[in-house]
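Before any comments, here is the structure.
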Amino acid sequence: MQTTNTKTSEDIRSKRRSIHKKIIIGLWCALIAGLLGFAALMTVASYGKIPSFDSLENPKNNFASVVFTADGSTLGAGYFRENRVPVAYEDISPNVTKALIATEDERYNEHSGIDFKALLRVLFKTVAGGDQSSGGGSTITQQLAKLLFTQQTAKNLGERGIQKLREWVTSLKLERTYTKEEIMTMYLNEFEFINSAFGIKGAAETYFGAKQDSLNIQQAAMIVGMLKNPS
């Protein structure tokens, strides 16, 4: 009887090891299949309407023409369809750039256009867990890509999925073309803050009657908060 019990226990342990082995193999297969599928989708998206390097290096803009005096002072802006005047990174209040990273893309200086940790959070917390307050997965670079090159409204979920993949590909290209400071500057200059406030300079003047380089913490938080939904 003791021999029989021993064999039965060994059989059970053997079956458990076999099941565990199959589960591990299955997980690895799922992971590899997922990575291959993702690579295939990115490849397909790359052959779609992706901006060329020339258009990335020279993105279209609607900046107003600025008139300067002989000593470099600004007289005013004219000849514009949108009253949008670009500003340099060093002319933007650090309160704005810090608030932007803290609220929109906390790993901005670490990733290369796509934040995979944020995507996993969205997948497990937002999609699977139903936690709508867990935040989004778009990086600042992706948001710039959407503003510059993929502003068309998707008609369905499938079209939005392809559009999202193209935004990812464009984000990777932007990261290879520009520095982090340049990307953030373009994003803040490009965004429309409504009420004819185009770009960070227009937003600072319209809502606070201030220059974009002198915005305090509260004002910066207000402007950065508008990036999610200016209306």
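Identifiers for the structure tokens are assigned positionally: chains receive A, B, ... in sequence, residues are indexed from 1 per chain, and ligands are indexed from 1 in the order shown.
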
**OP:** Once DSSP has gone over the backbone, tell me which residues of region 96-182 of chain A are in helix (DSSP H, G or I), as number ranges by chain.
**Re:** A: 96-104, 116-128, 132-134, 140-149, 157-177, 180-182

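Between CA of Lys201 (chain A) and CA of Gly137 (chain A) lies a distance of 26.9 Å.
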
Subject >> Polymer residues at most 10 Å from Val96 (chain A), only C-alpha atoms, same-chain spacing of 2 or more positions, as a list in words >> reply: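 Final neighbour list, sorted by chain and number: Ile92, Ser93, Pro94, Lys98, Ala99, Leu100, Ile101, Ala102, Leu188, Ile200, Gln212, Asp213, Ser214, Leu215, Asn216, Ile217, Gln218, Gln219, Ala220, Ala221, Met222, Ile223 and Val224 of chain A.
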
**OP:** For CA of Lys146 (chain A) and CA of Leu174 (chain A), determine how far apart the two atoms are, in Å to one decimal place.
**Re:**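 Between CA of Lys146 (chain A) and CA of Leu174 (chain A) the gap works out to 11.6 Å.
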
Original post:
Do you know which residues are at most 10 Å from Met186 (chain A) counting only C-alpha atoms, after dropping those on the same chain fewer than 5 positions away, and could you put them as a list in words?
Top reply: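 Contacts, with the query itself left out: Pro59, Asn61, Pro86, Val87, Ala88, Tyr89, Thr141, Leu144, Leu147, Leu148, Tyr178, Glu181, Phe191, Gly199 and Ile200 of chain A.
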
Subject >> Closest of A:Arg166, A:Thr139, A:Ser231, A:Gly209 to Asn195 (chain A) - atom-to-atom distances counting only C-alpha atoms >> reply: A:Ser231

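Of the residues listed (A:Thr170, A:Asn189, A:Thr8, A:Gln143), A:Asn189 shows the shortest atom-to-atom separation from Ala203 (chain A); distances use only C-alpha atoms.
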